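To be precise, the following lines are structure_12.txt, and they hold compact mmCIF, C-alpha atoms.
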# COMPACT_ATOMS: atom_id res chain seq x y z
CA MET A 1 0.00 0.00 0.00
CA LYS A 2 1.75 3.16 -1.23
CA VAL A 3 1.05 6.27 0.83
CA SER A 4 2.61 9.67 1.50
CA PRO A 5 5.01 10.05 4.46
CA TYR A 6 2.31 11.98 6.37
CA GLN A 7 -0.20 9.17 5.84
CA ALA A 8 2.43 6.62 6.89
CA VAL A 9 2.94 8.47 10.17
CA SER A 10 -0.82 8.83 10.75
CA ILE A 11 -1.59 5.17 10.00
CA SER A 12 1.23 3.89 12.21
CA ALA A 13 0.18 6.24 15.03
CA ALA A 14 -3.41 4.98 14.79
CA LEU A 15 -2.21 1.37 14.85
CA LEU A 16 0.00 2.18 17.84
CA GLY A 17 -3.10 3.44 19.64
CA LEU A 18 -5.08 0.31 18.73
CA VAL A 19 -2.30 -2.04 19.90
CA LEU A 20 -1.86 -0.02 23.09
CA LEU A 21 -5.58 -0.30 23.85
CA VAL A 22 -5.69 -4.07 23.27
CA ALA A 23 -2.39 -4.72 25.09
CA ALA A 24 -3.46 -2.60 28.07
CA VAL A 25 -6.83 -4.40 28.34
CA LEU A 26 -5.14 -7.83 28.13
CA TYR A 27 -2.49 -6.78 30.63
CA TYR A 28 -4.89 -5.43 33.24
CA VAL A 29 -7.28 -8.40 32.84
CA PHE A 30 -4.58 -11.04 33.26
CA LYS A 31 -2.04 -9.44 35.59
CA SER A 32 -1.61 -10.54 39.16
CA LYS A 33 -3.24 -8.06 41.54
CA ARG A 34 -0.96 -8.87 44.49
CA SER A 35 1.63 -6.36 45.66
CA ARG A 36 3.94 -5.99 48.63
CA GLU A 37 5.68 -2.87 49.91
CA THR A 38 9.32 -3.07 51.01
CA PRO A 39 12.12 -0.54 51.62
CA VAL A 40 14.32 0.34 48.61
CA TYR A 41 16.74 -2.49 47.84
CA LEU A 42 20.21 -1.41 48.96
CA SER A 43 21.90 -4.77 49.56
CA GLY A 44 20.69 -4.79 53.15
CA GLU A 45 21.72 -1.19 53.97
CA GLY A 46 19.37 1.54 55.17
CA GLU A 47 18.21 4.43 53.03
CA ASP A 48 20.58 6.83 54.80
CA VAL A 49 23.61 5.40 52.91
CA VAL A 50 22.57 7.21 49.71
CA SER A 51 22.25 10.97 49.41
CA MET A 52 19.45 10.87 46.82
CA ILE A 53 17.19 8.14 45.52
CA VAL A 54 16.73 9.62 42.04
CA PRO A 55 19.88 10.38 40.05
CA SER A 56 20.79 13.82 38.73
CA VAL A 57 20.96 14.32 34.96
CA ALA A 58 24.75 14.59 35.15
CA SER A 59 25.08 11.24 36.86
CA LEU A 60 22.91 9.58 34.21
CA TYR A 61 25.67 10.29 31.69
CA TRP A 62 28.48 9.39 34.09
CA GLY A 63 29.70 6.41 32.05
CA PHE A 64 29.75 8.38 28.81
CA MET A 65 31.15 11.70 30.06
CA LYS A 66 33.58 10.56 32.74
CA ARG A 67 34.88 7.45 31.04
CA PHE A 68 34.47 7.63 27.27
CA ALA A 69 34.39 11.36 26.46
CA LYS A 70 37.09 12.04 29.03
CA SER A 71 39.43 9.57 27.33
CA LEU A 72 38.82 11.35 23.99
CA TYR A 73 39.47 14.71 25.64
CA LYS A 74 42.64 13.37 27.26
CA ALA A 75 43.88 12.05 23.92
CA LEU A 76 43.19 15.46 22.40
CA ILE A 77 45.07 17.44 25.01
CA GLU A 78 47.96 15.00 25.08
CA LYS A 79 48.42 15.02 21.31
CA VAL A 80 47.35 18.53 20.29
CA HIS A 81 47.55 20.86 23.21
CA THR A 82 50.90 19.71 24.52
CA GLY A 83 52.39 23.22 24.36
CA SER A 84 54.74 22.22 21.56
CA LEU A 85 54.17 24.01 18.25
CA HIS A 86 55.63 21.00 16.46
CA ASP A 87 52.92 18.66 17.87
CA TRP A 88 50.21 21.12 16.95
CA TYR A 89 51.57 21.49 13.39
CA LYS A 90 51.77 17.70 12.96
CA PHE A 91 48.17 17.23 14.13
CA ILE A 92 46.69 20.06 12.08
CA SER A 93 48.64 19.20 8.91
CA SER A 94 47.53 15.54 9.10
CA TRP A 95 43.88 16.57 9.36
CA PHE A 96 44.23 19.17 6.62
CA GLY A 97 45.96 16.53 4.51
CA ALA A 98 43.03 14.18 4.97
CA LEU A 99 40.55 16.94 4.13
CA LEU A 100 42.56 17.84 1.03
CA LEU A 101 42.54 14.22 -0.12
CA ILE A 102 38.77 13.97 0.38
CA SER A 103 38.19 17.21 -1.55
CA ILE A 104 40.35 15.97 -4.45
CA LEU A 105 38.45 12.67 -4.42
CA VAL A 106 35.08 14.44 -4.44
CA TYR A 107 36.29 16.72 -7.26
CA LEU A 108 37.42 13.75 -9.34
CA ILE A 109 34.16 11.85 -8.78
CA TYR A 110 31.63 14.64 -9.21
CA ALA A 111 33.06 17.78 -10.80
CA LEU A 112 35.52 16.40 -13.36
CA PRO A 113 33.04 14.15 -15.25
CA ALA A 114 30.62 17.10 -15.41
CA LEU A 115 33.33 19.40 -16.80
CA LEU A 116 34.47 16.85 -19.41
CA ARG A 117 30.90 16.24 -20.63
CA MET B 1 -12.85 -1.47 4.12
CA ILE B 2 -10.47 -4.27 3.08
CA ASP B 3 -7.53 -2.05 3.99
CA LEU B 4 -9.06 -1.43 7.43
CA VAL B 5 -9.41 -5.18 8.04
CA LYS B 6 -5.82 -5.71 6.82
CA ALA B 7 -4.63 -2.94 9.15
CA ILE B 8 -6.36 -4.51 12.16
CA ILE B 9 -5.01 -7.97 11.28
CA SER B 10 -1.52 -6.49 10.77
CA ALA B 11 -1.59 -4.73 14.13
CA LEU B 12 -3.17 -7.41 16.29
CA LEU B 13 -2.61 -10.82 14.68
CA PHE B 14 -0.02 -11.18 11.94
CA PRO B 15 2.69 -9.91 12.18
CA GLY B 16 1.28 -7.82 15.02
CA LEU B 17 0.84 -8.39 18.71
CA LEU B 18 0.02 -12.13 18.65
CA PHE B 19 2.62 -13.24 16.11
CA ILE B 20 5.47 -11.05 17.33
CA THR B 21 4.86 -12.11 20.93
CA ALA B 22 5.03 -15.77 19.89
CA LEU B 23 8.12 -15.10 17.74
CA ALA B 24 9.82 -13.16 20.57
CA LEU B 25 9.22 -15.96 23.07
CA PHE B 26 10.41 -18.55 20.54
CA THR B 27 13.55 -16.50 19.81
CA GLN B 28 14.24 -16.28 23.53
CA TYR B 29 13.80 -20.05 23.75
CA LEU B 30 16.33 -20.52 20.94
CA VAL B 31 18.85 -18.15 22.54
CA ARG B 32 18.48 -19.97 25.88
CA LYS B 33 18.71 -23.41 24.27
CA LEU B 34 21.77 -22.48 22.19
CA SER B 35 23.42 -20.83 25.20
CA ALA B 36 22.80 -23.99 27.22
CA ARG B 37 24.43 -26.15 24.54
CA TYR B 38 27.49 -23.84 24.51
CA GLN B 39 27.73 -24.34 28.27
CA ARG B 40 27.09 -28.12 28.11
CA ARG B 41 23.67 -27.84 29.73
CA MET B 42 20.29 -29.03 28.49
CA GLY B 43 18.48 -25.71 28.57
CA PRO B 44 14.66 -25.56 28.58
CA SER B 45 13.47 -29.17 28.24
CA TYR B 46 10.38 -30.01 30.26
CA VAL B 47 7.57 -27.57 29.50
CA GLY B 48 6.02 -28.45 26.13
CA PRO B 49 7.71 -30.49 23.38
CA PHE B 50 11.52 -29.95 23.63
CA GLY B 51 10.83 -27.29 26.28
CA LEU B 52 9.31 -25.00 23.63
CA LEU B 53 6.74 -23.52 26.02
CA GLN B 54 9.23 -22.70 28.80
CA THR B 55 9.57 -19.01 27.89
CA PHE B 56 5.78 -18.66 27.64
CA TYR B 57 5.37 -20.25 31.08
CA ASP B 58 8.04 -17.98 32.54
CA PHE B 59 6.18 -14.97 31.14
CA TRP B 60 2.81 -16.28 32.34
CA LYS B 61 4.14 -17.01 35.84
CA LEU B 62 5.50 -13.48 36.20
CA LEU B 63 2.26 -11.99 34.86
CA ARG B 64 -0.31 -14.11 36.71
CA VAL B 65 1.32 -15.53 39.81
CA LYS B 66 4.10 -13.27 41.06
CA GLU B 67 3.47 -10.16 43.12
CA VAL B 68 4.72 -6.64 42.39
CA VAL B 69 7.22 -5.52 45.02
CA ILE B 70 7.01 -1.75 45.45
CA THR B 71 8.75 0.90 47.53
CA LYS B 72 7.36 4.22 48.71
CA TYR B 73 8.99 5.90 45.69
CA SER B 74 7.53 3.53 43.06
CA MET B 75 5.17 4.76 40.33
CA VAL B 76 3.88 1.39 39.20
CA ARG B 77 1.02 2.61 36.99
CA ALA B 78 3.32 5.06 35.13
CA SER B 79 5.90 2.35 34.64
CA GLU B 80 3.30 -0.11 33.32
CA LEU B 81 1.90 2.45 30.92
CA LEU B 82 5.34 3.43 29.61
CA LEU B 83 6.27 -0.21 28.98
CA LEU B 84 2.95 -0.79 27.22
CA ILE B 85 3.54 2.26 25.00
CA GLY B 86 7.03 0.96 24.18
CA LEU B 87 5.62 -2.47 23.31
CA SER B 88 2.78 -1.03 21.18
CA SER B 89 5.18 1.24 19.38
CA ALA B 90 7.46 -1.67 18.47
CA VAL B 91 4.47 -3.74 17.30
CA ALA B 92 3.07 -0.84 15.21
CA SER B 93 6.39 -0.54 13.37
CA LEU B 94 5.83 -3.98 11.81
CA VAL B 95 3.38 -2.57 9.24
CA PHE B 96 6.39 -1.19 7.36
CA LEU B 97 7.92 -4.62 6.80
CA PRO B 98 6.91 -6.62 3.70
CA LEU B 99 5.78 -9.37 6.11
CA SER B 100 2.66 -7.37 6.93
CA PRO B 101 -0.45 -7.90 4.74
CA LEU B 102 -0.89 -4.10 4.80
CA ASN B 103 2.80 -3.38 4.04
CA ILE B 104 2.78 0.39 4.11
CA ARG B 105 5.32 1.90 1.72
CA SER B 106 6.20 5.54 1.55
CA GLU B 107 9.20 7.74 0.98
CA PHE B 108 11.35 7.90 4.13
CA ASP B 109 9.33 5.15 5.85
CA VAL B 110 12.62 3.83 7.26
CA LEU B 111 12.74 6.91 9.51
CA VAL B 112 9.22 6.29 10.86
CA PHE B 113 10.09 2.62 11.31
CA PHE B 114 13.29 3.41 13.21
CA TYR B 115 11.51 5.89 15.46
CA LEU B 116 8.78 3.37 16.33
CA ALA B 117 10.93 0.24 16.55
CA SER B 118 14.08 1.60 18.09
CA VAL B 119 13.82 5.06 19.68
CA MET B 120 10.44 4.67 21.38
CA PRO B 121 11.00 1.26 23.07
CA LEU B 122 14.38 2.39 24.43
CA ALA B 123 13.06 5.74 25.66
CA MET B 124 10.03 4.06 27.26
CA LEU B 125 12.22 1.41 28.94
CA ILE B 126 14.46 4.12 30.41
CA MET B 127 11.51 6.18 31.67
CA ALA B 128 9.78 3.08 33.07
CA SER B 129 12.97 2.20 34.99
CA LEU B 130 13.23 5.73 36.36
CA ALA B 131 9.58 5.50 37.47
CA MET B 132 10.69 2.69 39.82
CA PRO B 133 13.70 4.48 41.34
CA GLY B 134 16.54 2.95 43.29
CA PRO B 135 20.33 3.32 43.30
CA TYR B 136 20.92 0.16 41.24
CA THR B 137 18.24 1.20 38.77
CA SER B 138 19.95 4.58 38.38
CA LEU B 139 23.29 2.91 37.74
CA GLY B 140 21.72 0.61 35.15
CA VAL B 141 19.91 3.46 33.39
CA SER B 142 23.11 5.50 33.37
CA ARG B 143 24.93 2.64 31.65
CA LEU B 144 22.01 2.06 29.27
CA LEU B 145 22.07 5.72 28.21
CA SER B 146 25.85 5.68 27.80
CA MET B 147 25.74 2.57 25.60
CA ALA B 148 22.80 3.93 23.59
CA THR B 149 24.78 7.12 22.84
CA ILE B 150 27.18 4.99 20.79
CA SER B 151 25.14 1.99 19.64
CA GLU B 152 21.92 3.71 18.54
CA PRO B 153 23.53 6.08 15.99
CA ALA B 154 25.54 3.10 14.70
CA LEU B 155 22.39 0.96 14.34
CA PHE B 156 20.58 3.85 12.66
CA ALA B 157 23.39 4.44 10.15
CA SER B 158 23.84 0.72 9.46
CA ILE B 159 20.17 0.44 8.48
CA LEU B 160 19.93 3.77 6.70
CA VAL B 161 22.86 3.21 4.32
CA PRO B 162 21.63 -0.03 2.64
CA VAL B 163 18.15 1.46 2.27
CA TYR B 164 19.67 4.62 0.75
CA LEU B 165 21.88 2.61 -1.64
CA ALA B 166 18.97 0.48 -2.82
CA THR B 167 16.54 3.33 -3.42
CA ARG B 168 18.81 6.23 -4.47
CA SER B 169 17.98 5.81 -8.16
CA GLY B 170 15.31 4.22 -10.33
CA PRO B 171 11.56 4.20 -9.90
CA ARG B 172 11.67 2.96 -6.29
CA LEU B 173 10.31 4.96 -3.36
CA PHE B 174 13.25 6.79 -1.78
CA MET B 175 14.27 5.43 1.66
CA SER B 176 11.55 2.77 1.79
CA ILE B 177 12.41 -0.47 3.64
CA ALA B 178 10.13 -2.73 1.60
CA GLU B 179 11.44 -1.38 -1.72
CA SER B 180 15.07 -1.68 -0.62
CA SER B 181 14.63 -5.30 0.44
CA ALA B 182 14.04 -6.36 -3.17
CA MET B 183 17.37 -4.77 -4.22
CA VAL B 184 19.60 -6.55 -1.68
CA PRO B 185 21.06 -9.19 -4.12
CA GLU B 186 22.14 -6.38 -6.49
CA LEU B 187 23.84 -4.54 -3.61
CA TRP B 188 25.80 -7.63 -2.58
CA SER B 189 26.77 -8.51 -6.18
CA ASN B 190 28.29 -5.08 -6.92
CA PRO B 191 31.86 -5.06 -5.48
CA VAL B 192 31.68 -1.41 -4.38
CA THR B 193 28.30 -1.60 -2.65
CA ALA B 194 29.20 -5.05 -1.24
CA VAL B 195 32.05 -3.44 0.74
CA ILE B 196 29.63 -0.83 2.12
CA MET B 197 27.05 -3.53 2.90
CA ALA B 198 29.69 -5.59 4.74
CA LEU B 199 30.67 -2.55 6.85
CA CYS B 200 27.01 -1.91 7.65
CA PHE B 201 26.42 -5.56 8.52
CA VAL B 202 29.32 -5.58 11.00
CA ALA B 203 28.03 -2.35 12.56
CA TYR B 204 24.49 -3.80 12.68
CA ILE B 205 25.57 -7.02 14.44
CA VAL B 206 27.70 -5.20 17.04
CA SER B 207 25.06 -2.57 17.79
CA LEU B 208 22.36 -5.28 17.87
CA GLN B 209 24.35 -7.07 20.55
CA ALA B 210 24.47 -3.83 22.54
CA ARG B 211 20.78 -3.22 21.96
CA ALA B 212 19.84 -6.74 23.08
CA LEU B 213 22.00 -6.24 26.21
CA TYR B 214 23.85 -9.46 25.45
CA GLN B 215 27.52 -10.17 26.15
CA PRO B 216 29.88 -8.42 25.75
CA PHE B 217 27.53 -5.44 26.17
CA ASN B 218 25.30 -6.68 29.00
CA ILE B 219 26.65 -3.78 31.04
CA PRO B 220 23.36 -2.00 31.87
CA GLU B 221 21.86 -5.06 33.59
CA ALA B 222 25.26 -6.42 34.78
CA GLU B 223 23.75 -9.21 36.86
CA GLN B 224 25.41 -9.61 40.28
CA GLU B 225 27.66 -6.56 39.78
CA ILE B 226 24.79 -4.05 40.06
CA ILE B 227 22.08 -6.64 40.96
CA ALA B 228 19.95 -6.41 37.78
CA GLY B 229 20.75 -2.82 36.76
CA PHE B 230 17.88 -0.92 35.20
CA GLU B 231 15.38 -3.72 35.95
CA THR B 232 16.29 -4.19 39.63
CA GLU B 233 13.01 -2.69 40.86
CA PHE B 234 10.85 -4.50 38.28
CA SER B 235 8.98 -7.54 39.60
CA GLY B 236 5.93 -9.69 38.83
CA PRO B 237 3.78 -8.41 35.94
CA LEU B 238 6.01 -5.36 35.49
CA LEU B 239 9.07 -7.57 34.96
CA ALA B 240 7.02 -9.72 32.55
CA LEU B 241 6.23 -6.59 30.49
CA ALA B 242 9.86 -5.38 30.55
CA ARG B 243 11.14 -8.80 29.46
CA LEU B 244 8.50 -9.04 26.72
CA LEU B 245 9.43 -5.58 25.45
CA HIS B 246 13.10 -6.63 25.34
CA ASP B 247 12.30 -9.85 23.46
CA VAL B 248 9.93 -8.18 20.99
CA ASP B 249 12.51 -5.47 20.38
CA LEU B 250 15.18 -8.08 19.63
CA SER B 251 12.89 -10.02 17.27
CA ILE B 252 11.97 -6.88 15.31
CA SER B 253 15.63 -5.85 15.05
CA LEU B 254 16.44 -9.34 13.73
CA LEU B 255 13.56 -9.23 11.24
CA LEU B 256 14.79 -5.83 10.07
CA GLY B 257 18.25 -7.31 9.54
CA VAL B 258 16.76 -10.20 7.56
CA TYR B 259 15.05 -7.75 5.18
CA VAL B 260 17.71 -5.05 4.90
CA PHE B 261 20.85 -7.23 4.70
CA LEU B 262 19.66 -10.66 3.60
CA GLY B 263 16.83 -9.72 1.24
CA GLY B 264 13.94 -11.31 3.16
CA PRO B 265 12.55 -14.35 1.32
CA LEU B 266 14.59 -13.73 -1.86
CA PRO B 267 15.20 -15.48 -4.24
CA PHE B 268 11.68 -16.78 -3.60
CA ARG B 269 8.41 -14.88 -3.67
CA HIS B 270 7.06 -13.36 -0.49
CA LEU B 271 4.70 -15.63 1.54
CA SER B 272 5.22 -18.53 -0.92
CA PRO B 273 6.07 -21.82 0.90
CA LEU B 274 9.75 -21.64 -0.17
CA GLY B 275 9.81 -17.93 0.66
CA VAL B 276 8.62 -18.65 4.20
CA VAL B 277 11.29 -21.36 4.57
CA MET B 278 14.00 -18.99 3.29
CA LEU B 279 12.84 -16.19 5.60
CA THR B 280 12.89 -18.58 8.57
CA VAL B 281 16.36 -19.89 7.71
CA LYS B 282 17.78 -16.35 7.43
CA TYR B 283 16.16 -15.38 10.74
CA LEU B 284 17.63 -18.45 12.44
CA VAL B 285 21.09 -17.65 11.04
CA LEU B 286 20.94 -14.19 12.65
CA VAL B 287 19.73 -15.70 15.94
CA ALA B 288 22.63 -18.17 15.81
CA ILE B 289 25.14 -15.32 15.25
CA VAL B 290 23.71 -13.33 18.18
CA ALA B 291 23.74 -16.41 20.45
CA TYR B 292 27.30 -17.29 19.38
CA ILE B 293 28.69 -13.84 20.25
CA LYS B 294 26.71 -13.87 23.51
CA ASN B 295 28.33 -17.12 24.58
CA VAL B 296 31.92 -16.73 23.48
CA MET B 297 32.47 -13.33 25.08
CA GLY B 298 32.55 -12.03 28.62
CA ARG B 299 31.15 -8.74 29.86
CA TYR B 300 33.12 -5.54 29.24
CA ARG B 301 33.41 -2.78 31.78
CA ILE B 302 31.47 0.32 30.78
CA GLU B 303 34.48 2.23 29.40
CA GLN B 304 35.71 -0.87 27.51
CA GLY B 305 32.21 -1.47 26.16
CA LEU B 306 31.91 2.10 24.92
CA VAL B 307 35.31 2.02 23.21
CA GLN B 308 34.64 -1.36 21.56
CA ALA B 309 31.16 -0.30 20.43
CA PHE B 310 32.72 2.87 19.03
CA LYS B 311 35.45 0.94 17.17
CA TYR B 312 33.37 -1.91 15.79
CA SER B 313 29.97 -0.33 15.23
CA LEU B 314 30.17 3.46 15.00
CA VAL B 315 33.39 3.67 12.95
CA PRO B 316 32.31 1.06 10.30
CA ALA B 317 28.87 2.70 10.14
CA ALA B 318 30.38 6.19 9.72
CA LEU B 319 32.77 4.86 7.06
CA ALA B 320 29.84 3.28 5.24
CA VAL B 321 27.97 6.60 5.31
CA VAL B 322 30.97 8.45 3.81
CA LEU B 323 31.47 5.78 1.10
CA ALA B 324 27.75 5.74 0.26
CA MET B 325 27.76 9.53 -0.11
CA LEU B 326 30.76 9.35 -2.46
CA LEU B 327 28.98 6.98 -4.84
CA PRO B 328 27.74 8.71 -7.98

Written form, structure tokens:
Amino acid sequence: MKVSPYQAVSISAALLGLVLLVAAVLYYVFKSKRSRETPVYLSGEGEDVVSMIVPSVASLYWGFMKRFAKSLYKALIEKVHTGSLHDWYKFISSWFGALLLISILVYLIYALPALLR
Amino acid sequence: MIDLVKAIISALLFPGLLFITALALFTQYLVRKLSARYQRRMGPSYVGPFGLLQTFYDFWKLLRVKEVVITKYSMVRASELLLLIGLSSAVASLVFLPLSPLNIRSEFDVLVFFYLASVMPLAMLIMASLAMPGPYTSLGVSRLLSMATISEPALFASILVPVYLATRSGPRLFMSIAESSAMVPELWSNPVTAVIMALCFVAYIVSLQARALYQPFNIPEAEQEIIAGFETEFSGPLLALARLLHDVDLSISLLLGVYVFLGGPLPFRHLSPLGVVMLTVKYLVLVAIVAYIKNVMGRYRIEQGLVQAFKYSLVPAALAVVLAMLLP
């Protein structure tokens, strides 16, 4: 069934609503109604061992910012911002070299055939 | 009227809620059985023939029998609703695959598909976890978000590039999954596009492993290390929903791989007997690859996981994007 992108979004949204309705009815009909309240699970410790129960936004990205991005940043400052002009020149010229190569490649693929035609 | 009936069948029966739930539970059974064989165990064996109904019984037990354990901070109803939205969103995305009798095709339908099948379930899972707060949950969600920052763009690019390559010229609808699926043999037979396809396939497999939270990327749930990570506070019916969402998500990602990289039922016609066999075989091959990687690797630490996901999924995917853009 070929449709426009707008119709595709509308149809899928309507189907999402239908599935949600049916799934919710089935879930609430069949689910166990029993529940039990306990303290927050902290491996046997009391709640006072943690400062907050809900994390801050910064701590949600702890793994990415403090581990991964920090290693990239460290690599950058150790290789580029070492204080030596020679290191900086080597880094910048290698990147400019790569960019130059890409631009020549793009020129050869796209512009040259058009000019020769 | 016929289209309305087809739409309802597509959403609720085949390949909708009923079929995808059955497929997800069967896939989970296969992963568990294969994992057991790798570890010289029997795996599920007693419930149903060859233990086939074990995953269904596990789901049913959590849903019907087990109680929900809550704390004074829990927002159970919000969490349930978010998981149900995530599940419905994943199921609704199936109408864009050629498997659906409705099979909606439009320009850029791959973007709608990706939003429904990938972004929404992940976002809903994260919000549902945060609605049941706890320190271990927070740690798990933090790791989940960190992994998703690398693996989701890689998965997106690895799917986008083959669809772009297949539909960039000719009378086909631009960026349509169903239309690109028919072009897969041509993409693999051309040496230039085959290299790009291979890069995308590697990126897809690695990011799929991260998305499924299987080794070596089972960092967000990191059983024992951080209890059960993002699903520590889930129990009873809520845990059943979270597990079902995970399994459905994995099955849809595998089906997507079957269509985008392996051409669906090709060389046979869609929904012909041989086509169904071919589709099943290709699906099982992908399940076997996922189960193999899961069982031969150990868990990375978060920083190792991020670096490896960057190297083996984001870099090949980015390279494939650059190469695809360079093609005339």

Proximal residues of chain B relative to chain A (all atoms listed in the file; 7 Å) as a PyMOL selection string: chain B and resi 11-12+63-71+84-85+88-89+92-93+102-109+112+133-135+138+141-143+145-146+237+302-303+306-307+326

Which polymer residues have any atom within 10 Å of an atom of Val119 of chain B, counting only C-alpha atoms, with same-chain residues fewer than 4 positions away left out, as a PDB file with C-alpha atoms, in the frame of the given file?
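Just written: out27.pdb:
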ATOM      1  CA  GLY B  86       7.030   0.960  24.180  1.00  0.00           C
ATOM      2  CA  SER B  89       5.180   1.240  19.380  1.00  0.00           C
ATOM      3  CA  ALA B  90       7.460  -1.670  18.470  1.00  0.00           C
ATOM      4  CA  PHE B 113      10.090   2.620  11.310  1.00  0.00           C
ATOM      5  CA  PHE B 114      13.290   3.410  13.210  1.00  0.00           C
ATOM      6  CA  TYR B 115      11.510   5.890  15.460  1.00  0.00           C
ATOM      7  CA  ALA B 123      13.060   5.740  25.660  1.00  0.00           C
ATOM      8  CA  MET B 124      10.030   4.060  27.260  1.00  0.00           C
ATOM      9  CA  ALA B 148      22.800   3.930  23.590  1.00  0.00           C
ATOM     10  CA  GLU B 152      21.920   3.710  18.540  1.00  0.00           C
ATOM     11  CA  PHE B 156      20.580   3.850  12.660  1.00  0.00           C
TER      12      PHE B 156
END

Long-range neighbours of Met325 of chain B as a ChimeraX atom specification, 10 Å cut-off, only C-alpha atoms, 3 positions minimum in chain: /A:106 /B:161,164-165,319-322,328

Near-Ser74 of chain B list (9 Å; all atoms listed in the file; drop same-chain fewer than 2 positions) as a ChimeraX atom specification: /B:70-72,76-77,79,131-133,233

Sel. within 9 Å of pt (11.9, -15.1, 23.8), counting all atoms listed in the file, output as a list in words: Thr21, Ala22, Leu23, Ala24, Leu25, Phe26, Thr27, Gln28, Tyr29, Leu30, Val31, Arg32, Thr55, Phe56, Arg243, Leu244, His246, Asp247, Val248, Leu250 and Ser251 of chain B

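Atom to atom, atom CA of Pro267 of chain B and atom CA of Thr280 of chain B stand 13.4 Å apart.
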
Atomic distance atom CA of Ala7 of chain B - atom CA of Tyr283 of chain B, expressed in Å with one decimal: 24.3 Å

Distance of atom CA of Ala240 of chain B from atom CA of Leu94 of chain B, expressed in Å to one decimal place: 21.6 Å
